[in-house]
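Colleague: Below is a structure I'd like to ask you about.
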Amino acid sequence: MKKISILLTVISFLAWASPATGQSSYGSLCQFYNIDKTVKAKLEYGEDAFYQVNSLTAFWPVVLNGKECPKLHETLCHWLTGKEGIKNMDRAIEQVLYADNDDVPFGENGPYIIVDSLTEEIPYSRSLNSIELKRLDNRFAVFHLFANLYYAGAAHGMYLNNYITYDTQLDKIVTLEDVLIDPELIRPHIMNSINLKYEYTEEDLFMPEDNMLPIPSQFYFEDGFLHLVYQVYEIASFAQGDIDVPIFYPNDEKSPEYLTPYGKEVMEASCGNEIY
């Protein structure tokens, strides 16, 4: 992983020659914008004043494997903003950095003013977002998306860990329906896999009435394993955090195949060498 990190950092440095509005024209096989910015703002309401601190760290893809990636851009913009209509990188960044946790914008016509520093006596709300490239080979890219929201005065914040697997050849976001023949085939093996990794039993989790854990929406492949990712509170307490479980499927010829042909391609790619 060090090799890909070093090279892509160099590529991102070359690409980050202008603001986010800059167009990539370097002809490299892969190009990224490296974004790392924090914006602080103050709500001007006397004794009720508080700060909003927004941070965004992202390795934003421009070109992957020699191709532009519009479907990936659209998905990343929607993840950052939660809005269907924002499909442009610059608008997504502005929305994340220059509005509070309830989408109230900063600026001259709004209640917030941008500041350079914080005063300890005044509470603050926080928004932290990051987009990390986990893996890239000659077809598939895997991104880890992290978000952390905190409201001033709350006991604790709330965070999410999401994952995107992107097919650079097809300009396609890979879904569970693409890779699984039938989700019900793996459902009986989820609890056993959680027990093997975390040593949790049914008594440690929020189990439904049928005692079969649901299949979460978040997943990725790594080293030949399908990982299912449960968010905080989805099946366990906040103290237990999110649960990232590799599915240990029986290595038995009598066990039914659970991956589609396309799913096998995604899984096999996760076992191979990264190309950069």
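Residues in the structure tokens are numbered from 1 in each chain, the chains being A, B, ... in the order shown, and ligands are numbered from 1 in the order shown.
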List the neighbours of segment 192-202 of chain A out to 6 Å using only C-alpha atoms; skip same-chain residues closer than 2 positions along the sequence, and give me the result as a PyMOL selection string.

Modeller: chain A and resi 189-190+204-205+245+247-248

Colleague: Could you save those same residues with C-alpha atoms as a short mmCIF file (atom, residue, chain, number, x, y, z; two decimals), in the first residue's frame?

Modeller:
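The resulting file, out_34.cif, is shown below:
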data_model
loop_
_atom_site.label_atom_id
_atom_site.label_comp_id
_atom_site.auth_asym_id
_atom_site.auth_seq_id
_atom_site.Cartn_x
_atom_site.Cartn_y
_atom_site.Cartn_z
CA HIS A 189 -23.00 -16.81 8.18
CA ILE A 190 -23.00 -13.20 9.42
CA ASP A 204 -24.06 -8.51 22.72
CA LEU A 205 -26.02 -7.21 19.71
CA VAL A 245 -17.06 -7.95 9.45
CA ILE A 247 -17.82 -12.91 5.83
CA PHE A 248 -16.33 -16.33 6.50
#

Colleague: DSSP on the backbone, strand (DSSP E or B) only: what residues of segment 74-259 of chain A does that give? Format it as a PyMOL selection string.

Modeller: chain A and resi 99+105-106+112-115+124-136+140-150+158-167+172-173+180+218-222+225-230+243-246+259

Colleague: Could I get the residues of segment 135-192 of chain A with an atom no further than 10 Å from an atom of segment 108-124 of chain A, each paired with its nearest atom pair and that distance in Å to one decimal, using only C-alpha atoms, sorted by chain and residue number, as a tab-separated table?

Modeller:
residue	atom	partner	partner_atom	distance
A:Tyr150	CA	A:Tyr124	CA	8.5
A:Tyr151	CA	A:Tyr124	CA	7.3
A:Ala152	CA	A:Tyr124	CA	5.0
A:Gly153	CA	A:Pro123	CA	7.2

Colleague: With a cut-off of 6 Å, could you pull out the residues of segment 213-269 of chain A touching segment 168-187 of chain A and give me the nearest pair of atoms for each, distance in Å to one decimal, using only C-alpha atoms, ordered by chain and ascending number, as JSON lines?

Modeller:
{"residue": "A:Tyr258", "atom": "CA", "partner": "A:Ile181", "partner_atom": "CA", "distance": 5.4}
{"residue": "A:Leu259", "atom": "CA", "partner": "A:Leu180", "partner_atom": "CA", "distance": 4.7}
{"residue": "A:Thr260", "atom": "CA", "partner": "A:Val179", "partner_atom": "CA", "distance": 5.2}
{"residue": "A:Tyr262", "atom": "CA", "partner": "A:Val179", "partner_atom": "CA", "distance": 6.0}
{"residue": "A:Gly263", "atom": "CA", "partner": "A:Val179", "partner_atom": "CA", "distance": 3.7}

Colleague: Since we have the selection now, will you write its residues out, keeping C-alpha atoms, as a CSV table (one decimal), in the first residue's frame?

Modeller:
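part_21.csv was written with the following content:
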chain,number,residue,atom,x,y,z
A,258,TYR,CA,-23.0,-17.0,-3.4
A,259,LEU,CA,-21.2,-14.6,-5.8
A,260,THR,CA,-22.3,-13.7,-9.3
A,262,TYR,CA,-19.3,-10.2,-11.8
A,263,GLY,CA,-18.9,-10.6,-8.0

Colleague: Tell me, in Å to one decimal, how far atom CA of Glu268 of chain A is from atom CA of Gln231 of chain A.

Modeller: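 Going from atom CA of Glu268 of chain A over to atom CA of Gln231 of chain A covers 26.1 Å.
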
Colleague: So which bits of segment 58-225 of chain A end up helix (DSSP H, G or I) when you DSSP the backbone, as a CSV table (one decimal) with all heavy atoms, in the first residue's frame?

Modeller:
chain,number,residue,atom,x,y,z
A,70,PRO,N,-17.6,10.2,-14.3
A,70,PRO,CA,-18.7,11.1,-13.9
A,70,PRO,C,-19.7,10.4,-12.9
A,70,PRO,O,-20.2,11.1,-12.0
A,70,PRO,CB,-19.4,11.3,-15.3
A,70,PRO,CG,-18.9,10.2,-16.2
A,70,PRO,CD,-17.5,10.0,-15.7
A,71,LYS,N,-19.9,9.1,-13.0
A,71,LYS,CA,-20.8,8.4,-12.1
A,71,LYS,C,-20.2,8.5,-10.7
A,71,LYS,O,-20.9,8.6,-9.7
A,71,LYS,CB,-21.0,7.0,-12.5
A,71,LYS,CG,-22.0,6.2,-11.6
A,71,LYS,CD,-23.4,6.9,-11.5
A,71,LYS,CE,-24.1,6.9,-12.8
A,71,LYS,NZ,-25.5,7.4,-12.7
A,72,LEU,N,-18.9,8.3,-10.6
A,72,LEU,CA,-18.2,8.4,-9.3
A,72,LEU,C,-18.4,9.8,-8.7
A,72,LEU,O,-18.6,9.9,-7.5
A,72,LEU,CB,-16.8,7.9,-9.4
A,72,LEU,CG,-16.0,8.0,-8.1
A,72,LEU,CD1,-16.5,7.1,-7.0
A,72,LEU,CD2,-14.5,7.6,-8.4
A,73,HIS,N,-18.1,10.8,-9.5
A,73,HIS,CA,-18.2,12.2,-9.1
A,73,HIS,C,-19.6,12.4,-8.5
A,73,HIS,O,-19.8,13.0,-7.5
A,73,HIS,CB,-17.9,13.1,-10.2
A,73,HIS,CG,-16.5,13.3,-10.5
A,73,HIS,ND1,-16.0,14.0,-11.5
A,73,HIS,CD2,-15.4,12.7,-9.9
A,73,HIS,CE1,-14.7,13.9,-11.6
A,73,HIS,NE2,-14.3,13.1,-10.6
A,74,GLU,N,-20.6,12.0,-9.3
A,74,GLU,CA,-22.0,12.2,-8.9
A,74,GLU,C,-22.3,11.5,-7.5
A,74,GLU,O,-23.0,12.1,-6.6
A,74,GLU,CB,-23.0,11.6,-9.9
A,74,GLU,CG,-24.4,11.8,-9.6
A,74,GLU,CD,-25.3,11.2,-10.7
A,74,GLU,OE1,-24.8,11.1,-11.8
A,74,GLU,OE2,-26.5,11.0,-10.4
A,75,THR,N,-21.8,10.3,-7.3
A,75,THR,CA,-22.0,9.6,-6.1
A,75,THR,C,-21.3,10.3,-4.9
A,75,THR,O,-21.9,10.4,-3.8
A,75,THR,CB,-21.6,8.1,-6.2
A,75,THR,OG1,-22.2,7.5,-7.3
A,75,THR,CG2,-21.8,7.4,-5.0
A,76,LEU,N,-20.1,10.7,-5.1
A,76,LEU,CA,-19.3,11.4,-4.1
A,76,LEU,C,-20.0,12.7,-3.7
A,76,LEU,O,-20.1,13.1,-2.5
A,76,LEU,CB,-17.9,11.6,-4.5
A,76,LEU,CG,-17.0,10.3,-4.6
A,76,LEU,CD1,-15.6,10.7,-5.2
A,76,LEU,CD2,-16.9,9.6,-3.3
A,77,CYS,N,-20.4,13.5,-4.7
A,77,CYS,CA,-21.1,14.7,-4.4
A,77,CYS,C,-22.4,14.5,-3.6
A,77,CYS,O,-22.7,15.2,-2.6
A,77,CYS,CB,-21.5,15.4,-5.7
A,77,CYS,SG,-20.1,16.2,-6.6
A,78,HIS,N,-23.1,13.5,-3.9
A,78,HIS,CA,-24.4,13.2,-3.2
A,78,HIS,C,-24.0,12.7,-1.8
A,78,HIS,O,-24.7,13.1,-0.8
A,78,HIS,CB,-25.2,12.1,-3.9
A,78,HIS,CG,-26.5,11.8,-3.2
A,78,HIS,ND1,-26.6,10.7,-2.4
A,78,HIS,CD2,-27.7,12.4,-3.2
A,78,HIS,CE1,-27.8,10.7,-1.9
A,78,HIS,NE2,-28.5,11.7,-2.4
A,79,TRP,N,-23.0,11.9,-1.6
A,79,TRP,CA,-22.6,11.5,-0.3
A,79,TRP,C,-22.2,12.7,0.6
A,79,TRP,O,-22.6,12.8,1.8
A,79,TRP,CB,-21.5,10.5,-0.3
A,79,TRP,CG,-21.0,10.1,1.1
A,79,TRP,CD1,-21.6,9.2,1.9
A,79,TRP,CD2,-19.9,10.6,1.8
A,79,TRP,NE1,-20.9,9.2,3.1
A,79,TRP,CE2,-19.8,10.0,3.0
A,79,TRP,CE3,-18.9,11.6,1.4
A,79,TRP,CZ2,-18.9,10.3,4.0
A,79,TRP,CZ3,-17.9,11.8,2.4
A,79,TRP,CH2,-17.9,11.2,3.6
A,80,LEU,N,-21.4,13.6,0.0
A,80,LEU,CA,-21.0,14.8,0.8
A,80,LEU,C,-22.1,15.7,1.2
A,80,LEU,O,-22.2,16.2,2.3
A,80,LEU,CB,-19.9,15.6,0.0
A,80,LEU,CG,-18.5,15.1,0.0
A,80,LEU,CD1,-17.7,15.9,-1.0
A,80,LEU,CD2,-17.9,15.1,1.4
A,81,THR,N,-23.1,15.9,0.3
A,81,THR,CA,-24.0,17.0,0.5
A,81,THR,C,-25.4,16.4,0.9
A,81,THR,O,-26.2,17.2,1.4
A,81,THR,CB,-24.2,17.8,-0.8
A,81,THR,OG1,-24.8,17.0,-1.8
A,81,THR,CG2,-22.8,18.4,-1.2
A,89,MET,N,-18.1,19.1,-8.4
A,89,MET,CA,-17.2,19.0,-7.3
A,89,MET,C,-17.1,20.3,-6.5
A,89,MET,O,-17.1,20.3,-5.3
A,89,MET,CB,-15.8,18.6,-7.9
A,89,MET,CG,-14.6,18.7,-7.0
A,89,MET,SD,-13.1,18.3,-7.9
A,89,MET,CE,-11.9,18.5,-6.6
A,90,ASP,N,-17.0,21.4,-7.2
A,90,ASP,CA,-16.8,22.7,-6.5
A,90,ASP,C,-18.0,23.0,-5.7
A,90,ASP,O,-17.9,23.5,-4.6
A,90,ASP,CB,-16.5,23.8,-7.5
A,90,ASP,CG,-15.2,23.5,-8.3
A,90,ASP,OD1,-14.2,23.6,-7.7
A,90,ASP,OD2,-15.3,23.2,-9.5
A,91,ARG,N,-19.2,22.8,-6.2
A,91,ARG,CA,-20.4,23.0,-5.4
A,91,ARG,C,-20.5,22.2,-4.2
A,91,ARG,O,-21.0,22.6,-3.1
A,91,ARG,CB,-21.7,22.9,-6.3
A,91,ARG,CG,-21.9,23.9,-7.3
A,91,ARG,CD,-23.3,23.8,-8.0
A,91,ARG,NE,-24.3,24.0,-6.9
A,91,ARG,CZ,-25.6,23.5,-7.1
A,91,ARG,NH1,-25.9,22.9,-8.2
A,91,ARG,NH2,-26.5,23.7,-6.1
A,92,ALA,N,-20.1,20.9,-4.4
A,92,ALA,CA,-20.2,20.0,-3.2
A,92,ALA,C,-19.2,20.4,-2.1
A,92,ALA,O,-19.5,20.4,-0.9
A,92,ALA,CB,-19.8,18.6,-3.7
A,93,ILE,N,-18.0,20.9,-2.5
A,93,ILE,CA,-17.0,21.3,-1.5
A,93,ILE,C,-17.5,22.6,-0.8
A,93,ILE,O,-17.4,22.7,0.4
A,93,ILE,CB,-15.7,21.6,-2.2
A,93,ILE,CG1,-15.1,20.3,-2.7
A,93,ILE,CG2,-14.7,22.3,-1.3
A,93,ILE,CD1,-13.8,20.5,-3.6
A,94,GLU,N,-18.1,23.5,-1.6
A,94,GLU,CA,-18.6,24.7,-1.0
A,94,GLU,C,-19.8,24.4,0.0
A,94,GLU,O,-19.8,25.0,1.1
A,94,GLU,CB,-19.2,25.7,-2.1
A,94,GLU,CG,-19.7,27.0,-1.6
A,94,GLU,CD,-20.2,27.9,-2.7
A,94,GLU,OE1,-20.1,27.5,-3.9
A,94,GLU,OE2,-20.6,29.0,-2.4
A,95,GLN,N,-20.6,23.5,-0.4
A,95,GLN,CA,-21.7,23.1,0.5
A,95,GLN,C,-21.2,22.5,1.8
A,95,GLN,O,-21.7,22.8,2.9
A,95,GLN,CB,-22.6,22.1,-0.2
A,95,GLN,CG,-23.8,21.5,0.6
A,95,GLN,CD,-24.9,22.6,0.9
A,95,GLN,OE1,-25.1,23.4,0.0
A,95,GLN,NE2,-25.6,22.4,2.0
A,96,VAL,N,-20.2,21.7,1.8
A,96,VAL,CA,-19.6,21.1,3.0
A,96,VAL,C,-18.9,22.0,3.8
A,96,VAL,O,-19.0,22.0,5.1
A,96,VAL,CB,-18.7,19.9,2.5
A,96,VAL,CG1,-17.9,19.4,3.7
A,96,VAL,CG2,-19.5,18.8,1.9
A,97,LEU,N,-18.1,22.9,3.2
A,97,LEU,CA,-17.2,23.8,4.0
A,97,LEU,C,-17.9,25.1,4.5
A,97,LEU,O,-17.5,25.7,5.5
A,97,LEU,CB,-16.0,24.1,3.2
A,97,LEU,CG,-15.0,23.0,3.0
A,97,LEU,CD1,-13.8,23.4,2.2
A,97,LEU,CD2,-14.4,22.4,4.4
A,176,LEU,N,-24.4,-4.4,-4.0
A,176,LEU,CA,-24.6,-5.7,-3.5
A,176,LEU,C,-25.3,-6.6,-4.4
A,176,LEU,O,-25.0,-7.8,-4.6
A,176,LEU,CB,-25.2,-5.7,-2.1
A,176,LEU,CG,-24.3,-5.7,-0.9
A,176,LEU,CD1,-25.2,-5.7,0.4
A,176,LEU,CD2,-23.4,-6.8,-0.8
A,177,GLU,N,-26.3,-6.1,-5.1
A,177,GLU,CA,-27.1,-6.8,-6.1
A,177,GLU,C,-26.3,-7.3,-7.2
A,177,GLU,O,-26.5,-8.3,-7.8
A,177,GLU,CB,-28.3,-6.0,-6.6
A,177,GLU,CG,-29.4,-5.8,-5.6
A,177,GLU,CD,-29.0,-4.7,-4.5
A,177,GLU,OE1,-28.0,-4.0,-4.7
A,177,GLU,OE2,-29.7,-4.7,-3.5
A,178,ASP,N,-25.2,-6.5,-7.6
A,178,ASP,CA,-24.3,-6.9,-8.6
A,178,ASP,C,-23.5,-8.1,-8.3
A,178,ASP,O,-23.1,-8.9,-9.1
A,178,ASP,CB,-23.4,-5.7,-9.0
A,178,ASP,CG,-24.1,-4.6,-9.6
A,178,ASP,OD1,-25.1,-4.8,-10.3
A,178,ASP,OD2,-23.6,-3.4,-9.4
A,179,VAL,N,-23.1,-8.2,-7.0
A,179,VAL,CA,-22.1,-9.2,-6.6
A,179,VAL,C,-22.7,-10.5,-5.9
A,179,VAL,O,-22.0,-11.5,-5.9
A,179,VAL,CB,-21.0,-8.6,-5.7
A,179,VAL,CG1,-20.3,-7.4,-6.4
A,179,VAL,CG2,-21.6,-8.1,-4.4
A,183,PRO,N,-28.8,-12.5,-1.4
A,183,PRO,CA,-28.3,-12.1,0.0
A,183,PRO,C,-28.6,-13.2,1.0
A,183,PRO,O,-27.8,-13.3,2.0
A,183,PRO,CB,-28.9,-10.8,0.2
A,183,PRO,CG,-29.3,-10.3,-1.1
A,183,PRO,CD,-29.6,-11.4,-2.0
A,184,GLU,N,-29.7,-13.9,0.9
A,184,GLU,CA,-30.1,-14.8,1.9
A,184,GLU,C,-29.0,-16.0,2.1
A,184,GLU,O,-29.0,-16.6,3.1
A,184,GLU,CB,-31.4,-15.4,1.6
A,184,GLU,CG,-32.6,-14.4,1.6
A,184,GLU,CD,-32.7,-13.7,3.0
A,184,GLU,OE1,-32.5,-14.4,4.0
A,184,GLU,OE2,-32.9,-12.5,3.0
A,185,LEU,N,-28.2,-16.2,1.0
A,185,LEU,CA,-27.2,-17.3,1.1
A,185,LEU,C,-26.1,-16.9,2.2
A,185,LEU,O,-25.6,-17.8,2.8
A,185,LEU,CB,-26.6,-17.5,-0.2
A,185,LEU,CG,-27.5,-18.1,-1.3
A,185,LEU,CD1,-26.7,-18.1,-2.7
A,185,LEU,CD2,-27.9,-19.5,-0.9
A,187,ARG,N,-26.6,-14.6,4.8
A,187,ARG,CA,-27.2,-14.2,6.0
A,187,ARG,C,-26.9,-15.1,7.2
A,187,ARG,O,-26.6,-14.7,8.3
A,187,ARG,CB,-28.7,-13.9,5.9
A,187,ARG,CG,-29.3,-13.1,7.1
A,187,ARG,CD,-30.8,-13.1,7.0
A,187,ARG,NE,-31.3,-12.4,5.8
A,187,ARG,CZ,-31.4,-11.1,5.7
A,187,ARG,NH1,-31.2,-10.3,6.7
A,187,ARG,NH2,-31.9,-10.6,4.6
A,188,PRO,N,-27.0,-16.5,7.0
A,188,PRO,CA,-26.8,-17.4,8.1
A,188,PRO,C,-25.3,-17.3,8.6
A,188,PRO,O,-25.1,-17.8,9.7
A,188,PRO,CB,-27.1,-18.7,7.5
A,188,PRO,CG,-28.0,-18.5,6.4
A,188,PRO,CD,-27.6,-17.2,5.8
A,189,HIS,N,-24.4,-16.8,7.8
A,189,HIS,CA,-23.0,-16.8,8.2
A,189,HIS,C,-22.5,-15.5,8.8
A,189,HIS,O,-21.4,-15.4,9.2
A,189,HIS,CB,-22.2,-17.1,7.0
A,189,HIS,CG,-22.6,-18.4,6.2
A,189,HIS,ND1,-22.4,-19.6,6.8
A,189,HIS,CD2,-23.3,-18.5,5.1
A,189,HIS,CE1,-23.0,-20.5,5.9
A,189,HIS,NE2,-23.5,-19.9,4.9
A,190,ILE,N,-23.4,-14.5,8.9
A,190,ILE,CA,-23.0,-13.2,9.4
A,190,ILE,C,-22.7,-13.3,10.9
A,190,ILE,O,-21.6,-12.8,11.4
A,190,ILE,CB,-24.1,-12.1,9.2
A,190,ILE,CG1,-24.3,-11.9,7.7
A,190,ILE,CG2,-23.7,-10.8,9.9
A,190,ILE,CD1,-25.4,-11.0,7.3
A,191,MET,N,-23.5,-13.9,11.7
A,191,MET,CA,-23.3,-14.0,13.1
A,191,MET,C,-22.1,-14.7,13.5
A,191,MET,O,-21.3,-14.3,14.3
A,191,MET,CB,-24.5,-14.6,13.8
A,191,MET,CG,-24.5,-14.5,15.3
A,191,MET,SD,-24.6,-12.8,16.0
A,191,MET,CE,-23.1,-12.7,16.9
A,192,ASN,N,-21.8,-15.8,12.8
A,192,ASN,CA,-20.6,-16.6,13.0
A,192,ASN,C,-19.4,-15.8,12.7
A,192,ASN,O,-18.4,-15.9,13.4
A,192,ASN,CB,-20.6,-17.9,12.2
A,192,ASN,CG,-19.4,-18.7,12.4
A,192,ASN,OD1,-19.1,-19.1,13.5
A,192,ASN,ND2,-18.7,-19.0,11.3
A,193,SER,N,-19.4,-15.0,11.6
A,193,SER,CA,-18.3,-14.2,11.2
A,193,SER,C,-18.0,-13.1,12.2
A,193,SER,O,-16.9,-12.8,12.6
A,193,SER,CB,-18.5,-13.6,9.8
A,193,SER,OG,-18.7,-14.6,8.8
A,194,ILE,N,-19.1,-12.5,12.8
A,194,ILE,CA,-18.9,-11.5,13.8
A,194,ILE,C,-18.3,-12.1,15.1
A,194,ILE,O,-17.4,-11.5,15.7
A,194,ILE,CB,-20.3,-10.8,14.1
A,194,ILE,CG1,-20.8,-10.0,13.0
A,194,ILE,CG2,-20.2,-10.0,15.4
A,194,ILE,CD1,-22.1,-9.4,13.2
A,195,ASN,N,-18.7,-13.3,15.4
A,195,ASN,CA,-18.2,-14.0,16.6
A,195,ASN,C,-16.7,-14.3,16.4
A,195,ASN,O,-15.9,-14.1,17.3
A,195,ASN,CB,-19.0,-15.3,16.8
A,195,ASN,CG,-18.4,-16.0,18.0
A,195,ASN,OD1,-17.7,-17.0,17.9
A,195,ASN,ND2,-18.8,-15.6,19.2
A,196,LEU,N,-16.3,-14.7,15.2
A,196,LEU,CA,-14.9,-15.0,14.9
A,196,LEU,C,-14.0,-13.7,15.0
A,196,LEU,O,-12.9,-13.8,15.5
A,196,LEU,CB,-14.8,-15.6,13.5
A,196,LEU,CG,-15.3,-17.1,13.4
A,196,LEU,CD1,-15.3,-17.5,12.0
A,196,LEU,CD2,-14.4,-18.0,14.3
A,197,LYS,N,-14.5,-12.6,14.5
A,197,LYS,CA,-13.7,-11.4,14.6
A,197,LYS,C,-13.8,-10.6,15.9
A,197,LYS,O,-12.8,-10.2,16.4
A,197,LYS,CB,-14.1,-10.5,13.4
A,197,LYS,CG,-13.3,-9.2,13.4
A,197,LYS,CD,-13.6,-8.3,12.2
A,197,LYS,CE,-12.8,-7.0,12.3
A,197,LYS,NZ,-13.0,-6.1,11.2
A,198,TYR,N,-15.0,-10.5,16.4
A,198,TYR,CA,-15.2,-9.6,17.6
A,198,TYR,C,-15.5,-10.4,18.9
A,198,TYR,O,-15.5,-9.8,20.0
A,198,TYR,CB,-16.4,-8.7,17.4
A,198,TYR,CG,-16.2,-7.7,16.3
A,198,TYR,CD1,-16.6,-7.9,15.0
A,198,TYR,CD2,-15.5,-6.5,16.6
A,198,TYR,CE1,-16.4,-6.9,14.0
A,198,TYR,CE2,-15.3,-5.5,15.6
A,198,TYR,CZ,-15.8,-5.8,14.3
A,198,TYR,OH,-15.6,-4.8,13.3
A,202,GLU,N,-25.0,-13.3,20.3
A,202,GLU,CA,-26.3,-12.6,20.1
A,202,GLU,C,-26.7,-11.7,21.2
A,202,GLU,O,-27.3,-10.7,21.0
A,202,GLU,CB,-27.4,-13.7,19.9
A,202,GLU,CG,-27.4,-14.4,18.6
A,202,GLU,CD,-26.5,-15.6,18.5
A,202,GLU,OE1,-25.7,-15.7,19.5
A,202,GLU,OE2,-26.5,-16.4,17.6
A,203,GLU,N,-26.2,-12.1,22.4
A,203,GLU,CA,-26.6,-11.3,23.6
A,203,GLU,C,-25.9,-9.9,23.6
A,203,GLU,O,-26.3,-9.0,24.3
A,203,GLU,CB,-26.2,-12.0,24.9
A,203,GLU,CG,-27.1,-13.2,25.2
A,203,GLU,CD,-26.9,-14.4,24.3
A,203,GLU,OE1,-25.8,-14.5,23.7
A,203,GLU,OE2,-27.8,-15.2,24.2
A,204,ASP,N,-24.8,-9.8,22.8
A,204,ASP,CA,-24.1,-8.5,22.7
A,204,ASP,C,-24.6,-7.5,21.7
A,204,ASP,O,-24.2,-6.4,21.6
A,204,ASP,CB,-22.6,-8.8,22.4
A,204,ASP,CG,-21.9,-9.7,23.4
A,204,ASP,OD1,-22.0,-9.3,24.6
A,204,ASP,OD2,-21.3,-10.7,23.0

Colleague: Give me, as a ChimeraX atom specification, all polymer residues having an atom no more than 8 Å from segment 216-220 of chain A, counting only C-alpha atoms and skipping those fewer than 3 positions away in the same chain.

Modeller: /A:142,162-165,176,226-230

Colleague: Next, dump the selected residues to file, keeping only N, CA and C atoms, as an mmCIF file, in the first residue's frame.

Modeller:
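As a result, out-v1.cif now contains:
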data_model
loop_
_atom_site.group_PDB
_atom_site.id
_atom_site.type_symbol
_atom_site.label_atom_id
_atom_site.label_comp_id
_atom_site.auth_asym_id
_atom_site.auth_seq_id
_atom_site.Cartn_x
_atom_site.Cartn_y
_atom_site.Cartn_z
ATOM 1 N N VAL A 142 -11.595 1.420 -4.754
ATOM 2 C CA VAL A 142 -12.388 1.348 -3.523
ATOM 3 C C VAL A 142 -12.091 2.594 -2.693
ATOM 4 N N ASN A 162 -18.684 4.848 5.249
ATOM 5 C CA ASN A 162 -19.267 4.339 4.015
ATOM 6 C C ASN A 162 -18.165 3.899 3.056
ATOM 7 N N TYR A 163 -18.542 3.072 2.102
ATOM 8 C CA TYR A 163 -17.581 2.542 1.141
ATOM 9 C C TYR A 163 -18.181 2.563 -0.256
ATOM 10 N N ILE A 164 -17.348 2.903 -1.230
ATOM 11 C CA ILE A 164 -17.757 2.886 -2.634
ATOM 12 C C ILE A 164 -16.767 2.028 -3.405
ATOM 13 N N THR A 165 -17.283 1.063 -4.134
ATOM 14 C CA THR A 165 -16.476 0.309 -5.092
ATOM 15 C C THR A 165 -16.883 0.771 -6.477
ATOM 16 N N LEU A 176 -24.439 -4.365 -4.016
ATOM 17 C CA LEU A 176 -24.550 -5.730 -3.488
ATOM 18 C C LEU A 176 -25.331 -6.620 -4.447
ATOM 19 N N LEU A 226 -15.489 -10.598 1.393
ATOM 20 C CA LEU A 226 -16.573 -9.621 1.358
ATOM 21 C C LEU A 226 -16.759 -9.068 2.762
ATOM 22 N N HIS A 227 -16.608 -7.756 2.914
ATOM 23 C CA HIS A 227 -16.802 -7.097 4.205
ATOM 24 C C HIS A 227 -18.166 -6.423 4.225
ATOM 25 N N LEU A 228 -18.949 -6.721 5.243
ATOM 26 C CA LEU A 228 -20.189 -6.014 5.503
ATOM 27 C C LEU A 228 -19.946 -5.019 6.635
ATOM 28 N N VAL A 229 -20.450 -3.799 6.471
ATOM 29 C CA VAL A 229 -20.158 -2.742 7.434
ATOM 30 C C VAL A 229 -21.462 -2.218 8.037
ATOM 31 N N TYR A 230 -21.604 -2.411 9.353
ATOM 32 C CA TYR A 230 -22.758 -1.916 10.096
ATOM 33 C C TYR A 230 -22.381 -0.597 10.761
#

Colleague: Using only C-alpha atoms for the distances, tell me which of A:Ala155, A:Ile235, A:Ala141, A:Ile131 is nearest to Phe221 of chain A.

Modeller: A:Ala141

Colleague: Do you know which residues are at most 6 Å from Val63 of chain A counting only C-alpha atoms, after dropping those on the same chain fewer than 5 positions away, and could you put them as a list of chain:residue names?

Modeller: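 My list of contacting residues is A:Cys30, A:Gln31, A:Glu68.
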